[in-house]
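K.L.:
The structure is given below, and queries will be raised subsequently.
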Amino acid sequence: MEKKSWNDRKKVGQAKVAKGGNKLSQDDKIHGRIRKELSRAWAIAWKDIRAYYASPPTLMFGILFPFALFFTFTIGRNLSVEQMLPILFAQTVFWASSTVGPVVIPLERRMKTFDRYLSAPMSLMSVILGKSMAGFLYGLGVSVVPLIVGFTWFGFSLVAVIPFLLGILLSCVAFAAMGIMFASVPTESVGNIMMPMNFIRIPLLFISGIFIPITELPPIGQALSLLSPLTHTLILIRQGMGNETFLFPTEVSVLALILTSVVFLFISKQFHEINKKRE
C-alpha cells in the first residue's frame, strides 16, 4: 500500500509539472503572437513613414492647413504668446495625426496594397495599429516644430510637464485613430474621405476652445465641448503651460482621450471587417 501510495503521489506531481509546463508554453505562445503582431504593425508604419510622409496631400492637410488656419486666426488680434502657443500645438497635433490614415489607405486601395495586407497572414488589428502608428508619429513629429519655435523665439517654458506630455501623446493616438476610422470608408479617392472628415474636424475647432473660448459658448456648446477630444487636448496643453483656468480635472481629460482612442479604434476595426467581408 505504501509503495502504491508513493507512486500515486509521484504521478500527481508529474501531472502538476506537466500542467505548469503547458501553461508556461501557452503564455510563451501568447507573448510570441503579440510580439509578431507588433513587429508587423511597425513594419507597416515604417513603410508608410518612408512612402507617404512627404506626399502632397499629407503635407497640405497635415502641415500647411493647420498653420494657415492658425495665422488666419491670430494675426491682427491682441493675443499673447501664452494664448497662441497652446492653440498652435493643439491644431498641429489634431490635423497632422488625423491626416495620415485618410491619405494612405485610399492610395493603397488604388494600388491594391491594402488588399494584400488583408489577405496576408496577419490580423486586421495589426494593419490598423500600423496605420495608427504612422499617424501618431507624424503628429508627434509635426508638434516638435511649434515646440522649437516656442523655446527659441518666445522663451516658452513648461510649468507642468506631465499634463503637457500626456496631452500631446494621447492626442496623437486619439486623432490618428480618428483618421483610421474615417479611412474605413471603402473608396480609392483621398477627397472622398477628406471631405466628410473636414465636416467634422472644422466644427470641432469652434466648440473646443480653439477659436472661441469654451466659457463664451452657449450651454449646448459647452456640453458638446466635453465630448470633443480636441477640448481635452487644449486643456492638458494649457495646464502644462500653466495658463488655464481648468474646466475639467486633468484625470477627466486623460480618461476622455484614452476612451476616444479606444472607441475610434473599435469602430474602425468593425467597419474594416464589414468591408473585408464585402470584398
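Residues are referred to by chain and number: the chain letter is A, B, ... according to the order shown in the C-alpha cells, the number counts from 1 in that chain, and ligands are numbered separately from 1 in the order shown.
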What lies within 12 Å of Val145 in chain A using only C-alpha atoms, ignoring chain neighbours under 2 positions off, as a PyMOL selection string?
P.N.:
chain A and resi 63+67+85+88-89+92-93+96+138-143+147-153
K.L.:
Can you write out the residues you just picked, keeping N, CA and C atoms, as a compact mmCIF listing (two decimals), in the first residue's frame?
P.N.:
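Contents of part.txt, as written:
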```
# COMPACT_ATOMS: atom_id res chain seq x y z
N ILE A 63 0.19 69.78 -42.49
CA ILE A 63 1.09 70.85 -42.05
C ILE A 63 0.61 72.23 -42.51
N PHE A 67 -1.33 75.38 -40.05
CA PHE A 67 -0.58 76.62 -39.86
C PHE A 67 -1.29 77.80 -40.52
N LEU A 85 0.34 79.88 -28.36
CA LEU A 85 1.08 78.63 -28.48
C LEU A 85 0.24 77.38 -28.21
N LEU A 88 -1.68 76.64 -31.29
CA LEU A 88 -0.84 76.09 -32.36
C LEU A 88 -0.49 74.63 -32.09
N PHE A 89 -0.13 74.30 -30.86
CA PHE A 89 0.16 72.91 -30.50
C PHE A 89 -1.05 72.02 -30.79
N THR A 92 -1.83 71.62 -34.65
CA THR A 92 -0.88 70.80 -35.41
C THR A 92 -1.04 69.32 -35.07
N VAL A 93 -1.20 69.01 -33.80
CA VAL A 93 -1.41 67.61 -33.41
C VAL A 93 -2.71 67.08 -34.01
N ALA A 96 -2.35 66.98 -38.12
CA ALA A 96 -1.30 66.09 -38.61
C ALA A 96 -1.60 64.62 -38.30
N TYR A 138 3.63 60.87 -37.04
CA TYR A 138 3.58 62.08 -37.87
C TYR A 138 3.12 63.27 -37.03
N GLY A 139 2.06 63.08 -36.26
CA GLY A 139 1.59 64.15 -35.38
C GLY A 139 2.62 64.55 -34.35
N LEU A 140 3.31 63.55 -33.81
CA LEU A 140 4.35 63.83 -32.81
C LEU A 140 5.50 64.61 -33.44
N GLY A 141 5.88 64.23 -34.66
CA GLY A 141 6.98 64.92 -35.33
C GLY A 141 6.63 66.36 -35.68
N VAL A 142 5.41 66.58 -36.17
CA VAL A 142 5.00 67.93 -36.54
C VAL A 142 4.88 68.82 -35.30
N SER A 143 4.46 68.25 -34.17
CA SER A 143 4.31 69.04 -32.95
C SER A 143 5.65 69.55 -32.41
N LEU A 147 7.09 73.51 -30.85
CA LEU A 147 7.84 73.41 -29.60
C LEU A 147 9.20 74.11 -29.73
N ILE A 148 9.88 73.86 -30.84
CA ILE A 148 11.18 74.51 -31.08
C ILE A 148 11.00 76.02 -31.23
N VAL A 149 9.97 76.42 -31.99
CA VAL A 149 9.70 77.85 -32.17
C VAL A 149 9.42 78.52 -30.83
N GLY A 150 8.62 77.84 -30.00
CA GLY A 150 8.28 78.41 -28.70
C GLY A 150 9.48 78.56 -27.79
N PHE A 151 10.34 77.54 -27.77
CA PHE A 151 11.55 77.60 -26.93
C PHE A 151 12.54 78.65 -27.44
N THR A 152 12.70 78.69 -28.77
CA THR A 152 13.76 79.53 -29.36
C THR A 152 13.39 81.01 -29.40
N TRP A 153 12.19 81.31 -29.86
CA TRP A 153 11.82 82.70 -30.12
C TRP A 153 11.01 83.35 -29.01
```
K.L.:
List as a compact mmCIF listing (two decimals) with N, CA and C atoms, in the first residue's frame the protein and nucleic acid residues near Ser228 in chain A, meaning an atom at most 8 Å away when only C-alpha atoms are counted, but skip any in the same chain fewer than 3 places from it.
P.N.:
```txt
# COMPACT_ATOMS: atom_id res chain seq x y z
N LEU A 204 -15.27 71.11 -34.97
CA LEU A 204 -14.63 70.85 -33.67
C LEU A 204 -13.76 72.03 -33.23
N ILE A 207 -15.99 74.47 -31.20
CA ILE A 207 -16.59 74.08 -29.92
C ILE A 207 -15.55 73.58 -28.92
N SER A 208 -14.27 73.62 -29.31
CA SER A 208 -13.22 73.05 -28.45
C SER A 208 -12.31 74.09 -27.82
N LEU A 224 -21.37 70.12 -25.65
CA LEU A 224 -20.74 69.41 -26.76
C LEU A 224 -19.22 69.44 -26.66
N SER A 225 -18.69 70.52 -26.09
CA SER A 225 -17.23 70.63 -25.98
C SER A 225 -16.66 69.53 -25.09
N THR A 231 -10.99 69.42 -27.21
CA THR A 231 -11.13 70.21 -25.99
C THR A 231 -10.14 69.75 -24.93
N HIS A 232 -10.05 68.44 -24.75
CA HIS A 232 -9.18 67.89 -23.71
C HIS A 232 -7.70 68.01 -24.09
```
K.L.:
Please tabulate, as a Markdown table, the residues of range 155-255 of chain A that come within 10 Å of range 109-117 of chain A, each with its closest pair of atoms and the distance in Å to one decimal, counting only C-alpha atoms and ordering rows by chain, then residue number upward.
P.N.:
```
| residue | atom | partner | partner_atom | distance |
| --- | --- | --- | --- | --- |
| A:Pro186 | CA | A:Arg109 | CA | 8.5 |
| A:Thr187 | CA | A:Arg109 | CA | 7.4 |
| A:Glu188 | CA | A:Arg110 | CA | 5.1 |
| A:Ser189 | CA | A:Arg110 | CA | 7.9 |
```
K.L.:
Can you pull out every residue from range 77-249 of chain A that DSSP, working from the backbone, puts in helix (DSSP H, G or I), and format the result as a ChimeraX atom specification?
P.N.:
/A:81-110,113-119,124-153,161-182,190-207,214-216,219-227,229-241
K.L.:
Go ahead and dump the residues you just picked, C-alpha atoms, as a short mmCIF file (atom, residue, chain, number, x, y, z; two decimals), in the first residue's frame.
P.N.:
```
data_model
loop_
_atom_site.label_atom_id
_atom_site.label_comp_id
_atom_site.auth_asym_id
_atom_site.auth_seq_id
_atom_site.Cartn_x
_atom_site.Cartn_y
_atom_site.Cartn_z
CA VAL A 81 2.14 84.17 -26.70
CA GLU A 82 0.66 82.17 -23.81
CA GLN A 83 -2.69 82.23 -25.62
CA MET A 84 -1.34 81.49 -29.09
CA LEU A 85 1.08 78.63 -28.48
CA PRO A 86 -1.43 76.15 -26.97
CA ILE A 87 -3.71 76.77 -29.95
CA LEU A 88 -0.84 76.09 -32.36
CA PHE A 89 0.16 72.91 -30.50
CA ALA A 90 -3.41 71.60 -30.43
CA GLN A 91 -4.07 72.39 -34.10
CA THR A 92 -0.88 70.80 -35.41
CA VAL A 93 -1.41 67.61 -33.41
CA PHE A 94 -5.08 67.48 -34.42
CA TRP A 95 -4.59 67.94 -38.16
CA ALA A 96 -1.30 66.09 -38.61
CA SER A 97 -2.23 62.93 -36.69
CA SER A 98 -5.66 62.58 -38.28
CA THR A 99 -4.41 63.12 -41.84
CA VAL A 100 -2.08 60.17 -42.47
CA GLY A 101 -4.67 57.36 -42.41
CA PRO A 102 -7.17 59.09 -44.74
CA VAL A 103 -4.35 59.79 -47.21
CA VAL A 104 -2.52 56.45 -47.09
CA ILE A 105 -5.38 53.94 -47.08
CA PRO A 106 -7.24 55.21 -50.20
CA LEU A 107 -3.96 55.42 -52.14
CA GLU A 108 -3.12 51.86 -51.11
CA ARG A 109 -6.60 50.70 -52.09
CA ARG A 110 -5.98 52.16 -55.54
CA THR A 113 -1.56 47.24 -51.48
CA PHE A 114 -4.22 47.42 -48.79
CA ASP A 115 -5.92 44.32 -50.23
CA ARG A 116 -2.64 42.44 -49.92
CA TYR A 117 -2.47 43.41 -46.24
CA LEU A 118 -5.93 41.96 -45.68
CA SER A 119 -5.06 38.69 -47.42
CA LEU A 124 -6.67 43.16 -39.20
CA MET A 125 -5.78 44.78 -35.88
CA SER A 126 -2.09 44.68 -36.85
CA VAL A 127 -2.88 46.63 -40.02
CA ILE A 128 -4.98 49.17 -38.11
CA LEU A 129 -2.31 49.57 -35.43
CA GLY A 130 0.37 50.03 -38.07
CA LYS A 131 -1.59 52.76 -39.81
CA SER A 132 -2.37 54.38 -36.45
CA MET A 133 1.33 54.29 -35.51
CA ALA A 134 2.18 56.17 -38.70
CA GLY A 135 -0.36 58.88 -37.84
CA PHE A 136 0.82 59.02 -34.23
CA LEU A 137 4.47 59.51 -35.21
CA TYR A 138 3.58 62.08 -37.87
CA GLY A 139 1.59 64.15 -35.38
CA LEU A 140 4.35 63.83 -32.81
CA GLY A 141 6.98 64.92 -35.33
CA VAL A 142 5.00 67.93 -36.54
CA SER A 143 4.31 69.04 -32.95
CA VAL A 144 8.07 69.42 -32.46
CA VAL A 145 8.03 72.42 -34.84
CA PRO A 146 5.95 74.75 -32.62
CA LEU A 147 7.84 73.41 -29.60
CA ILE A 148 11.18 74.51 -31.08
CA VAL A 149 9.70 77.85 -32.17
CA GLY A 150 8.28 78.41 -28.70
CA PHE A 151 11.55 77.60 -26.93
CA THR A 152 13.76 79.53 -29.36
CA TRP A 153 11.82 82.70 -30.12
CA VAL A 161 5.49 68.59 -17.80
CA ILE A 162 3.25 65.55 -17.24
CA PRO A 163 -0.08 67.13 -18.34
CA PHE A 164 1.65 68.63 -21.38
CA LEU A 165 3.24 65.34 -22.47
CA LEU A 166 0.03 63.41 -21.82
CA GLY A 167 -1.88 65.96 -23.85
CA ILE A 168 0.46 65.62 -26.84
CA LEU A 169 0.94 61.83 -26.74
CA LEU A 170 -2.66 60.81 -26.03
CA SER A 171 -3.97 63.30 -28.57
CA CYS A 172 -1.68 61.89 -31.26
CA VAL A 173 -3.10 58.43 -30.53
CA ALA A 174 -6.73 59.62 -30.45
CA PHE A 175 -6.56 61.67 -33.65
CA ALA A 176 -4.59 59.01 -35.52
CA ALA A 177 -7.33 56.52 -34.58
CA MET A 178 -9.93 59.06 -35.70
CA GLY A 179 -8.27 59.26 -39.12
CA ILE A 180 -8.22 55.46 -39.45
CA MET A 181 -11.91 55.37 -38.56
CA PHE A 182 -12.79 57.75 -41.40
CA VAL A 190 -8.47 60.75 -50.83
CA GLY A 191 -11.02 63.51 -51.40
CA ASN A 192 -13.94 61.18 -50.70
CA ILE A 193 -12.59 60.73 -47.17
CA MET A 194 -11.22 64.22 -46.53
CA MET A 195 -14.49 65.92 -47.43
CA PRO A 196 -16.72 64.26 -44.79
CA MET A 197 -13.86 64.25 -42.30
CA ASN A 198 -13.41 68.01 -42.61
CA PHE A 199 -17.13 68.43 -41.97
CA ILE A 200 -16.31 67.03 -38.53
CA ARG A 201 -12.84 68.48 -37.96
CA ILE A 202 -13.64 72.11 -38.77
CA PRO A 203 -16.71 72.39 -36.47
CA LEU A 204 -14.63 70.85 -33.67
CA LEU A 205 -12.37 73.92 -33.84
CA PHE A 206 -15.33 76.12 -32.87
CA ILE A 207 -16.59 74.08 -29.92
CA ILE A 214 -15.45 77.49 -24.08
CA THR A 215 -16.77 79.80 -21.35
CA GLU A 216 -18.25 82.07 -24.06
CA PRO A 219 -24.83 75.93 -22.75
CA ILE A 220 -25.34 73.41 -25.56
CA GLY A 221 -21.93 74.33 -27.00
CA GLN A 222 -20.28 73.83 -23.62
CA ALA A 223 -21.96 70.44 -23.29
CA LEU A 224 -20.74 69.41 -26.76
CA SER A 225 -17.23 70.63 -25.98
CA LEU A 226 -16.97 67.98 -23.26
CA LEU A 227 -17.42 65.31 -25.96
CA PRO A 229 -11.25 65.18 -27.80
CA LEU A 230 -9.73 68.44 -29.07
CA THR A 231 -11.13 70.21 -25.99
CA HIS A 232 -9.18 67.89 -23.71
CA THR A 233 -6.05 68.28 -25.84
CA LEU A 234 -6.16 72.05 -25.40
CA ILE A 235 -6.91 71.77 -21.67
CA LEU A 236 -3.93 69.49 -21.00
CA ILE A 237 -1.56 71.62 -23.07
CA ARG A 238 -2.69 74.77 -21.27
CA GLN A 239 -2.33 73.04 -17.93
CA GLY A 240 1.23 72.16 -18.91
CA MET A 241 1.92 75.81 -19.71
#
```
K.L.:
Give the answer as one residue: which of A:Glu273, A:Met122, A:Phe73, A:Leu158 has the shortest atom-to-atom distance to Ile34 in chain A, using only C-alpha atoms?
P.N.:
A:Met122
